[in-house]
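Dumped model_31.pdb below, it's PDB, C-alpha atoms, pLDDT in the B column:
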```pdb
ATOM      1  CA  MET A   1      14.583  29.835  16.138  1.00 50.00           C
ATOM      2  CA  ASN A   2      13.228  33.252  15.089  1.00 46.00           C
ATOM      3  CA  LYS A   3      10.433  33.787  12.592  1.00 43.00           C
ATOM      4  CA  TRP A   4      12.883  34.799   9.848  1.00 44.00           C
ATOM      5  CA  SER A   5      14.771  31.510  10.186  1.00 43.00           C
ATOM      6  CA  ILE A   6      11.522  29.584  10.022  1.00 38.00           C
ATOM      7  CA  ALA A   7      10.458  31.503   6.931  1.00 41.00           C
ATOM      8  CA  THR A   8      13.830  30.872   5.289  1.00 40.00           C
ATOM      9  CA  LEU A   9      13.610  27.133   5.988  1.00 38.00           C
ATOM     10  CA  ALA A  10      10.102  27.037   4.559  1.00 40.00           C
ATOM     11  CA  ILE A  11      11.267  28.734   1.372  1.00 41.00           C
ATOM     12  CA  LEU A  12      14.231  26.373   1.036  1.00 41.00           C
ATOM     13  CA  ALA A  13      11.977  23.364   1.584  1.00 40.00           C
ATOM     14  CA  GLY A  14       9.651  24.613  -1.127  1.00 44.00           C
ATOM     15  CA  VAL A  15      12.516  25.148  -3.550  1.00 39.00           C
ATOM     16  CA  LYS A  16      13.821  21.645  -2.866  1.00 38.00           C
ATOM     17  CA  ALA A  17      10.381  20.136  -3.413  1.00 38.00           C
ATOM     18  CA  PHE A  18       9.998  21.876  -6.758  1.00 37.00           C
ATOM     19  CA  SER A  19      13.522  20.865  -7.781  1.00 35.00           C
ATOM     20  CA  LEU A  20      12.555  17.236  -7.204  1.00 35.00           C
ATOM     21  CA  GLY A  21       9.595  17.628  -9.517  1.00 39.00           C
ATOM     22  CA  TRP A  22       6.926  17.740  -6.794  1.00 40.00           C
ATOM     23  CA  ASN A  23       4.527  20.668  -6.756  1.00 49.00           C
ATOM     24  CA  PRO A  24       2.700  20.994  -3.415  1.00 44.00           C
ATOM     25  CA  PHE A  25      -0.077  22.920  -5.137  1.00 47.00           C
ATOM     26  CA  ALA A  26      -0.497  20.464  -8.030  1.00 58.00           C
ATOM     27  CA  ALA A  27      -3.198  18.318  -6.432  1.00 60.00           C
ATOM     28  CA  ALA A  28      -5.358  21.293  -5.468  1.00 67.00           C
ATOM     29  CA  SER A  29      -4.846  22.850  -8.886  1.00 79.00           C
ATOM     30  CA  ALA A  30      -5.747  19.597 -10.659  1.00 80.00           C
ATOM     31  CA  ASP A  31      -8.902  19.210  -8.553  1.00 87.00           C
ATOM     32  CA  LYS A  32      -9.988  22.765  -9.321  1.00 90.00           C
ATOM     33  CA  ARG A  33      -9.431  22.340 -13.052  1.00 92.00           C
ATOM     34  CA  LEU A  34     -11.255  19.012 -12.977  1.00 93.00           C
ATOM     35  CA  GLU A  35     -14.258  20.597 -11.215  1.00 92.00           C
ATOM     36  CA  GLU A  36     -14.442  23.331 -13.833  1.00 93.00           C
ATOM     37  CA  LYS A  37     -14.194  20.941 -16.760  1.00 92.00           C
ATOM     38  CA  LEU A  38     -16.730  18.492 -15.306  1.00 92.00           C
ATOM     39  CA  ALA A  39     -19.190  21.348 -14.761  1.00 91.00           C
ATOM     40  CA  ALA A  40     -18.883  22.293 -18.429  1.00 90.00           C
ATOM     41  CA  LEU A  41     -19.287  18.653 -19.501  1.00 89.00           C
ATOM     42  CA  TYR A  42     -22.357  18.047 -17.341  1.00 87.00           C
ATOM     43  CA  GLU A  43     -24.004  21.296 -18.369  1.00 84.00           C
ATOM     44  CA  LYS A  44     -23.995  20.242 -22.002  1.00 79.00           C
ATOM     45  CA  ASN A  45     -24.960  16.597 -21.428  1.00 70.00           C
ATOM     46  CA  ASP A  46     -28.312  16.281 -19.679  1.00 64.00           C
ATOM     47  CA  MET A  47     -28.214  13.211 -17.436  1.00 53.00           C
ATOM     48  CA  SER A  48     -31.928  12.695 -18.042  1.00 47.00           C
ATOM     49  CA  VAL A  49     -31.267  12.073 -21.700  1.00 50.00           C
ATOM     50  CA  SER A  50     -30.937   8.409 -22.587  1.00 54.00           C
ATOM     51  CA  SER A  51     -27.953   8.181 -24.885  1.00 74.00           C
ATOM     52  CA  ASN A  52     -24.910   6.093 -25.614  1.00 86.00           C
ATOM     53  CA  PRO A  53     -22.145   7.458 -23.348  1.00 90.00           C
ATOM     54  CA  TYR A  54     -19.516   6.611 -25.959  1.00 92.00           C
ATOM     55  CA  ASP A  55     -21.411   8.726 -28.483  1.00 89.00           C
ATOM     56  CA  ALA A  56     -21.702  11.492 -25.887  1.00 87.00           C
ATOM     57  CA  THR A  57     -17.931  11.566 -25.351  1.00 92.00           C
ATOM     58  CA  LYS A  58     -16.879  11.152 -28.985  1.00 91.00           C
ATOM     59  CA  ASN A  59     -15.583  14.388 -30.522  1.00 92.00           C
ATOM     60  CA  ASN A  60     -16.639  16.174 -27.330  1.00 92.00           C
ATOM     61  CA  PRO A  61     -14.268  19.081 -26.537  1.00 94.00           C
ATOM     62  CA  ASP A  62     -15.300  19.174 -22.869  1.00 94.00           C
ATOM     63  CA  PHE A  63     -14.616  15.464 -22.432  1.00 95.00           C
ATOM     64  CA  GLU A  64     -11.325  15.768 -24.312  1.00 96.00           C
ATOM     65  CA  SER A  65     -10.261  18.623 -22.027  1.00 95.00           C
ATOM     66  CA  ILE A  66     -10.791  16.340 -19.008  1.00 96.00           C
ATOM     67  CA  VAL A  67      -8.713  13.596 -20.611  1.00 97.00           C
ATOM     68  CA  GLY A  68      -6.129  16.270 -21.389  1.00 95.00           C
ATOM     69  CA  LEU A  69      -5.543  16.773 -17.657  1.00 95.00           C
ATOM     70  CA  GLY A  70      -3.730  13.425 -17.748  1.00 95.00           C
ATOM     71  CA  ILE A  71      -2.739  11.345 -14.754  1.00 96.00           C
ATOM     72  CA  ASP A  72      -3.260  14.237 -12.315  1.00 94.00           C
ATOM     73  CA  ALA A  73      -7.013  13.840 -12.865  1.00 96.00           C
ATOM     74  CA  LEU A  74      -7.181  10.115 -12.020  1.00 97.00           C
ATOM     75  CA  PRO A  75      -7.547  10.401  -8.214  1.00 96.00           C
ATOM     76  CA  GLY A  76     -10.220  13.093  -8.510  1.00 96.00           C
ATOM     77  CA  LEU A  77     -12.199  11.197 -11.140  1.00 97.00           C
ATOM     78  CA  HIS A  78     -11.983   8.014  -9.080  1.00 98.00           C
ATOM     79  CA  ASP A  79     -13.112   9.765  -5.894  1.00 96.00           C
ATOM     80  CA  LYS A  80     -16.061  11.386  -7.649  1.00 96.00           C
ATOM     81  CA  LEU A  81     -17.135   8.082  -9.137  1.00 96.00           C
ATOM     82  CA  ALA A  82     -16.806   6.286  -5.796  1.00 96.00           C
ATOM     83  CA  VAL A  83     -19.073   8.709  -3.918  1.00 94.00           C
ATOM     84  CA  SER A  84     -21.504   9.504  -6.725  1.00 92.00           C
ATOM     85  CA  PRO A  85     -25.098   8.341  -6.191  1.00 91.00           C
ATOM     86  CA  ASP A  86     -25.490   8.511  -9.955  1.00 86.00           C
ATOM     87  CA  ASN A  87     -25.076   5.394 -12.074  1.00 92.00           C
ATOM     88  CA  GLY A  88     -26.160   6.963 -15.335  1.00 89.00           C
ATOM     89  CA  LEU A  89     -24.660   8.977 -18.162  1.00 89.00           C
ATOM     90  CA  HIS A  90     -22.510  11.329 -16.094  1.00 91.00           C
ATOM     91  CA  ALA A  91     -21.004   8.552 -13.973  1.00 94.00           C
ATOM     92  CA  TYR A  92     -20.370   6.472 -17.094  1.00 95.00           C
ATOM     93  CA  MET A  93     -18.493   9.418 -18.580  1.00 94.00           C
ATOM     94  CA  LEU A  94     -16.229   9.438 -15.525  1.00 96.00           C
ATOM     95  CA  ALA A  95     -15.497   5.750 -16.082  1.00 98.00           C
ATOM     96  CA  ILE A  96     -14.676   6.315 -19.744  1.00 98.00           C
ATOM     97  CA  ALA A  97     -12.397   9.222 -18.835  1.00 98.00           C
ATOM     98  CA  ILE A  98     -10.489   7.067 -16.336  1.00 99.00           C
ATOM     99  CA  GLU A  99     -10.029   4.257 -18.855  1.00 98.00           C
ATOM    100  CA  THR A 100      -8.931   6.695 -21.553  1.00 98.00           C
ATOM    101  CA  ILE A 101      -6.353   8.460 -19.373  1.00 98.00           C
ATOM    102  CA  ALA A 102      -5.106   5.178 -17.891  1.00 98.00           C
ATOM    103  CA  LYS A 103      -4.935   3.467 -21.304  1.00 98.00           C
ATOM    104  CA  VAL A 104      -6.756   0.351 -20.167  1.00 98.00           C
ATOM    105  CA  ASN A 105      -9.692  -1.611 -21.537  1.00 97.00           C
ATOM    106  CA  LEU A 106     -11.093  -3.569 -18.628  1.00 97.00           C
ATOM    107  CA  LYS A 107     -14.049  -4.790 -20.694  1.00 96.00           C
ATOM    108  CA  ARG A 108     -11.688  -6.889 -22.782  1.00 93.00           C
ATOM    109  CA  ALA A 109     -11.232  -9.552 -20.090  1.00 93.00           C
ATOM    110  CA  GLU A 110     -14.200 -11.483 -18.767  1.00 93.00           C
ATOM    111  CA  ALA A 111     -13.020 -11.168 -15.156  1.00 92.00           C
ATOM    112  CA  THR A 112     -13.006  -7.363 -15.328  1.00 96.00           C
ATOM    113  CA  ARG A 113     -15.912  -6.776 -17.693  1.00 95.00           C
ATOM    114  CA  TRP A 114     -18.274  -4.032 -16.586  1.00 97.00           C
ATOM    115  CA  ALA A 115     -21.596  -2.663 -17.766  1.00 96.00           C
ATOM    116  CA  THR A 116     -22.350   0.210 -15.375  1.00 96.00           C
ATOM    117  CA  ALA A 117     -20.254   2.958 -13.830  1.00 96.00           C
ATOM    118  CA  LYS A 118     -20.516   1.398 -10.378  1.00 96.00           C
ATOM    119  CA  GLU A 119     -19.343  -1.948 -11.744  1.00 97.00           C
ATOM    120  CA  PHE A 120     -16.421  -0.141 -13.340  1.00 98.00           C
ATOM    121  CA  GLU A 121     -15.479   1.528 -10.053  1.00 98.00           C
ATOM    122  CA  ALA A 122     -15.273  -1.877  -8.369  1.00 97.00           C
ATOM    123  CA  VAL A 123     -13.153  -3.555 -11.062  1.00 98.00           C
ATOM    124  CA  TRP A 124     -10.957  -0.459 -11.460  1.00 99.00           C
ATOM    125  CA  THR A 125     -10.175  -0.375  -7.751  1.00 98.00           C
ATOM    126  CA  GLU A 126      -9.323  -4.070  -7.840  1.00 98.00           C
ATOM    127  CA  HIS A 127      -7.167  -3.532 -10.926  1.00 98.00           C
ATOM    128  CA  LEU A 128      -5.164  -0.830  -9.149  1.00 98.00           C
ATOM    129  CA  ARG A 129      -4.615  -3.093  -6.158  1.00 98.00           C
ATOM    130  CA  SER A 130      -3.306  -5.837  -8.426  1.00 98.00           C
ATOM    131  CA  VAL A 131      -0.892  -3.700 -10.461  1.00 98.00           C
ATOM    132  CA  PRO A 132       2.255  -3.820  -8.251  1.00 98.00           C
ATOM    133  CA  ALA A 133       2.125  -7.607  -7.871  1.00 98.00           C
ATOM    134  CA  SER A 134       1.217  -8.066 -11.540  1.00 98.00           C
ATOM    135  CA  VAL A 135       4.287  -6.121 -12.674  1.00 97.00           C
ATOM    136  CA  GLU A 136       6.544  -8.313 -10.533  1.00 97.00           C
ATOM    137  CA  ALA A 137       4.802 -11.510 -11.642  1.00 98.00           C
ATOM    138  CA  ILE A 138       5.331 -10.576 -15.282  1.00 96.00           C
ATOM    139  CA  ALA A 139       8.934  -9.631 -14.533  1.00 93.00           C
ATOM    140  CA  SER A 140       9.686 -12.993 -12.923  1.00 94.00           C
ATOM    141  CA  ASP A 141       7.893 -15.177 -15.485  1.00 96.00           C
ATOM    142  CA  LEU A 142      10.839 -16.644 -17.386  1.00 93.00           C
ATOM    143  CA  ALA A 143       8.525 -18.448 -19.800  1.00 97.00           C
ATOM    144  CA  LEU A 144       7.476 -15.179 -21.416  1.00 95.00           C
ATOM    145  CA  GLU A 145       9.050 -14.023 -24.656  1.00 94.00           C
ATOM    146  CA  PRO A 146      10.060 -10.324 -24.701  1.00 91.00           C
ATOM    147  CA  GLU A 147       7.053  -9.337 -26.827  1.00 94.00           C
ATOM    148  CA  GLN A 148       4.671 -11.265 -24.579  1.00 95.00           C
ATOM    149  CA  ARG A 149       6.134  -9.520 -21.549  1.00 94.00           C
ATOM    150  CA  ARG A 150       5.800  -6.110 -23.198  1.00 94.00           C
ATOM    151  CA  SER A 151       2.182  -6.808 -24.186  1.00 96.00           C
ATOM    152  CA  LYS A 152       1.177  -7.924 -20.695  1.00 96.00           C
ATOM    153  CA  LEU A 153       2.762  -4.847 -19.158  1.00 96.00           C
ATOM    154  CA  VAL A 154       0.995  -2.543 -21.614  1.00 97.00           C
ATOM    155  CA  ASP A 155      -2.325  -4.182 -20.724  1.00 97.00           C
ATOM    156  CA  LEU A 156      -1.849  -3.003 -17.129  1.00 98.00           C
ATOM    157  CA  GLY A 157      -2.013   0.579 -18.366  1.00 98.00           C
ATOM    158  CA  ILE A 158      -0.537   3.826 -17.078  1.00 98.00           C
ATOM    159  CA  PRO A 159      -0.830   2.771 -13.393  1.00 98.00           C
ATOM    160  CA  ALA A 160       2.004   0.300 -14.011  1.00 98.00           C
ATOM    161  CA  LEU A 161       4.531   3.004 -14.933  1.00 97.00           C
ATOM    162  CA  PRO A 162       5.862   3.816 -11.437  1.00 96.00           C
ATOM    163  CA  PHE A 163       6.375   0.111 -10.779  1.00 96.00           C
ATOM    164  CA  LEU A 164       8.350  -0.333 -13.990  1.00 94.00           C
ATOM    165  CA  MET A 165      10.966   2.175 -12.846  1.00 89.00           C
ATOM    166  CA  ASP A 166      13.358  -0.244 -11.134  1.00 85.00           C
ATOM    167  CA  HIS A 167      13.348  -2.517 -14.172  1.00 90.00           C
ATOM    168  CA  VAL A 168      13.834   0.407 -16.559  1.00 91.00           C
ATOM    169  CA  GLU A 169      16.728   1.708 -14.472  1.00 87.00           C
ATOM    170  CA  SER A 170      18.284  -1.751 -14.717  1.00 84.00           C
ATOM    171  CA  GLY A 171      18.124  -1.547 -18.503  1.00 81.00           C
ATOM    172  CA  GLU A 172      15.591  -4.345 -19.060  1.00 81.00           C
ATOM    173  CA  GLU A 173      14.470  -3.677 -22.641  1.00 76.00           C
ATOM    174  CA  PRO A 174      10.978  -5.263 -22.629  1.00 79.00           C
ATOM    175  CA  PHE A 175      10.079  -2.995 -19.742  1.00 92.00           C
ATOM    176  CA  PHE A 176      11.189   0.150 -21.519  1.00 94.00           C
ATOM    177  CA  SER A 177       9.399  -0.849 -24.718  1.00 93.00           C
ATOM    178  CA  ALA A 178       6.225  -1.018 -22.596  1.00 95.00           C
ATOM    179  CA  VAL A 179       7.021   2.452 -21.251  1.00 96.00           C
ATOM    180  CA  VAL A 180       7.371   3.779 -24.807  1.00 96.00           C
ATOM    181  CA  GLU A 181       3.930   2.415 -25.697  1.00 96.00           C
ATOM    182  CA  LEU A 182       2.208   3.607 -22.520  1.00 97.00           C
ATOM    183  CA  THR A 183       3.629   7.127 -22.577  1.00 97.00           C
ATOM    184  CA  LYS A 184       2.638   8.034 -26.139  1.00 96.00           C
ATOM    185  CA  HIS A 185       0.916  11.437 -26.199  1.00 93.00           C
ATOM    186  CA  THR A 186       1.602  12.118 -22.517  1.00 94.00           C
ATOM    187  CA  ALA A 187       3.634  14.781 -20.703  1.00 91.00           C
ATOM    188  CA  PHE A 188       6.339  12.189 -20.003  1.00 93.00           C
ATOM    189  CA  GLU A 189       6.522  10.556 -23.439  1.00 96.00           C
ATOM    190  CA  ALA A 190       9.462   8.286 -24.226  1.00 96.00           C
ATOM    191  CA  SER A 191      10.658   7.162 -27.638  1.00 94.00           C
ATOM    192  CA  PRO A 192      12.673   4.094 -28.679  1.00 93.00           C
ATOM    193  CA  GLU A 193      15.688   6.405 -28.992  1.00 94.00           C
ATOM    194  CA  THR A 194      15.321   7.711 -25.424  1.00 94.00           C
ATOM    195  CA  ASP A 195      17.942   6.603 -22.916  1.00 94.00           C
ATOM    196  CA  PRO A 196      15.946   4.444 -20.438  1.00 93.00           C
ATOM    197  CA  LYS A 197      17.943   5.384 -17.351  1.00 92.00           C
ATOM    198  CA  GLU A 198      17.816   9.067 -18.221  1.00 93.00           C
ATOM    199  CA  TRP A 199      14.033   8.871 -18.743  1.00 94.00           C
ATOM    200  CA  ALA A 200      13.572   7.112 -15.395  1.00 92.00           C
ATOM    201  CA  ALA A 201      15.687   9.665 -13.551  1.00 91.00           C
ATOM    202  CA  ARG A 202      13.823  12.569 -15.142  1.00 93.00           C
ATOM    203  CA  HIS A 203      10.308  11.284 -14.446  1.00 94.00           C
ATOM    204  CA  LYS A 204      10.550   9.215 -11.268  1.00 90.00           C
ATOM    205  CA  ALA A 205       9.501  12.123  -9.053  1.00 89.00           C
ATOM    206  CA  ARG A 206       6.788  13.124 -11.550  1.00 85.00           C
ATOM    207  CA  LEU A 207       5.248   9.666 -11.265  1.00 93.00           C
ATOM    208  CA  SER A 208       5.483   9.442  -7.478  1.00 94.00           C
ATOM    209  CA  ASP A 209       1.972  10.853  -7.028  1.00 93.00           C
ATOM    210  CA  LEU A 210       0.634   8.226  -9.425  1.00 96.00           C
ATOM    211  CA  LYS A 211       2.351   5.531  -7.381  1.00 96.00           C
ATOM    212  CA  GLN A 212       0.790   6.834  -4.172  1.00 96.00           C
ATOM    213  CA  TYR A 213      -2.630   6.888  -5.844  1.00 97.00           C
ATOM    214  CA  VAL A 214      -2.299   3.246  -6.899  1.00 98.00           C
ATOM    215  CA  LEU A 215      -1.039   2.126  -3.491  1.00 97.00           C
ATOM    216  CA  SER A 216      -3.754   4.064  -1.642  1.00 95.00           C
ATOM    217  CA  ARG A 217      -6.529   2.018  -3.195  1.00 90.00           C
TER
END
```

File written out as structure tokens:
Amino acid sequence: MNKWSIATLAILAGVKAFSLGWNPFAAASADKRLEEKLAALYEKNDMSVSSNPYDATKNNPDFESIVGLGIDALPGLHDKLAVSPDNGLHAYMLAIAIETIAKVNLKRAEATRWATAKEFEAVWTEHLRSVPASVEAIASDLALEPEQRRSKLVDLGIPALPFLMDHVESGEEPFFSAVVELTKHTAFEASPETDPKEWAARHKARLSDLKQYVLSR
């Protein structure tokens, strides 16, 4: 095979990847943007200052710009928190950013309550590992009323979305109502009027990276 054939195949492969909704440069781009936004956040929030991290992130444009990166920022934030020697203000901000993007509140349940950034990293990792099985357990629990099922799915947060796909594609309404709640103000927002199967087909590839992130932990 000559070099022109190889080049042509590479171009075609790239076109196909983009057509499926996968951008091979997305991860690198997201990491670069995250680095830039974290640098701006840290510069304006001295880690030596003793302050309430929730006050430090409230109405903070730099923090909001990190949250605005959406699900693409979750792996990078998680990795930085996992390797960080810091357990102070900056690390706590990473934890808050992850919870905000993922739409979870792990402090609400006693089993997943956390007080420091390192404690959060441990319970967050365990939460991710539990998500696939939790979705299926909720799906198979016939004792649950539709609203109970929806509520339990929403509590799992954004990481549950890729694992809801099969149920959404099958037209199971409680699952799509959870999708509607979880995707509010995101790049893949659904509304009650959205056709569930159409939404799933349009965003399945977009959420594949999120699925890999969850499964990798």

Margin query: Using the chain letters and numbers from this file, what does the PyMOL selection byres ((chain A and resi 189-192) around 12) select? Give the answer as a ChimeraX atom specification.
Written below: /A:158,161,168,173-188,193-200,202-203

Next item on the list: Counting only C-alpha atoms, figure out which residue out of A:Leu153, A:Met93, A:Val135, A:Ala205 gets nearest to Asn52 (chain A).
Entry: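 Nearest to Asn52 (chain A): A:Met93.
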
Which residues of region 119-154 of chain A sit at most 9 Å from region 71-86 of chain A, using all atoms listed in the file? Give each one's shortest atom pair and distance in Å (one decimal place), in chain and ascending residue order, as a Markdown table.
```
| residue | atom | partner | partner_atom | distance |
| --- | --- | --- | --- | --- |
| A:Glu121 | CA | A:Ala82 | CA | 6.5 |
| A:Ala122 | CA | A:Ala82 | CA | 8.7 |
| A:Trp124 | CA | A:His78 | CA | 8.9 |
| A:Thr125 | CA | A:His78 | CA | 8.7 |
```

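Note that CA of Pro53 (chain A) and CA of Leu89 (chain A) are 6.0 Å apart.
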
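In this structure, CA of Ala97 (chain A) sits 20.4 Å away from CA of Ser130 (chain A).
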
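Residue nearest Ala102 (chain A), chosen from A:His127, A:Arg206, A:Lys118, A:Arg217 and counting only C-alpha atoms: A:His127.
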
Check: Which one is closest to Tyr213 (chain A): A:Asp141, A:Gly88, A:Glu169, A:Leu128? Count only C-alpha atoms.
Finding: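 Once distances to Tyr213 (chain A) are computed over only C-alpha atoms, the minimum belongs to A:Leu128.
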
Check: Expressed in Å to a single decimal, how great is the separation between CA of Ala95 (chain A) and CA of Ala133 (chain A)?
Finding: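 Between CA of Ala95 (chain A) and CA of Ala133 (chain A) the gap is 23.6 Å.
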
Next item on the list: Could you tell me which residues the PyMOL selection byres ((chain A and resi 64) around 12) returns for this structure, as number ranges by chain?
Entry: A: 34, 37-38, 40-41, 56-63, 65-70, 93-94, 96-98, 100-101

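Closest approach to Gly157 (chain A) among A:Val131, A:Leu142, A:Val123, A:Leu207 is made by A:Val131 (distances from only C-alpha atoms).
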
What are the centre and the three edge lengths of an axis-aligned box that wraps all atoms of region 172-183 of chain A in the file, given that 5 Å is added to every side, written as AutoDock Vina command-line options and rounded to one decimal in Å?
```
--center_x 8.9 --center_y 0.9 --center_z -22.4 --size_x 23.4 --size_y 22.4 --size_z 16.6
```

Next item on the list: Identify which of the residues A:Asp155, A:Gln212, A:Ser51, A:Tyr42 lies closest to Arg108 (chain A), counting only C-alpha atoms when measuring atom-to-atom distances.
Entry: A:Asp155
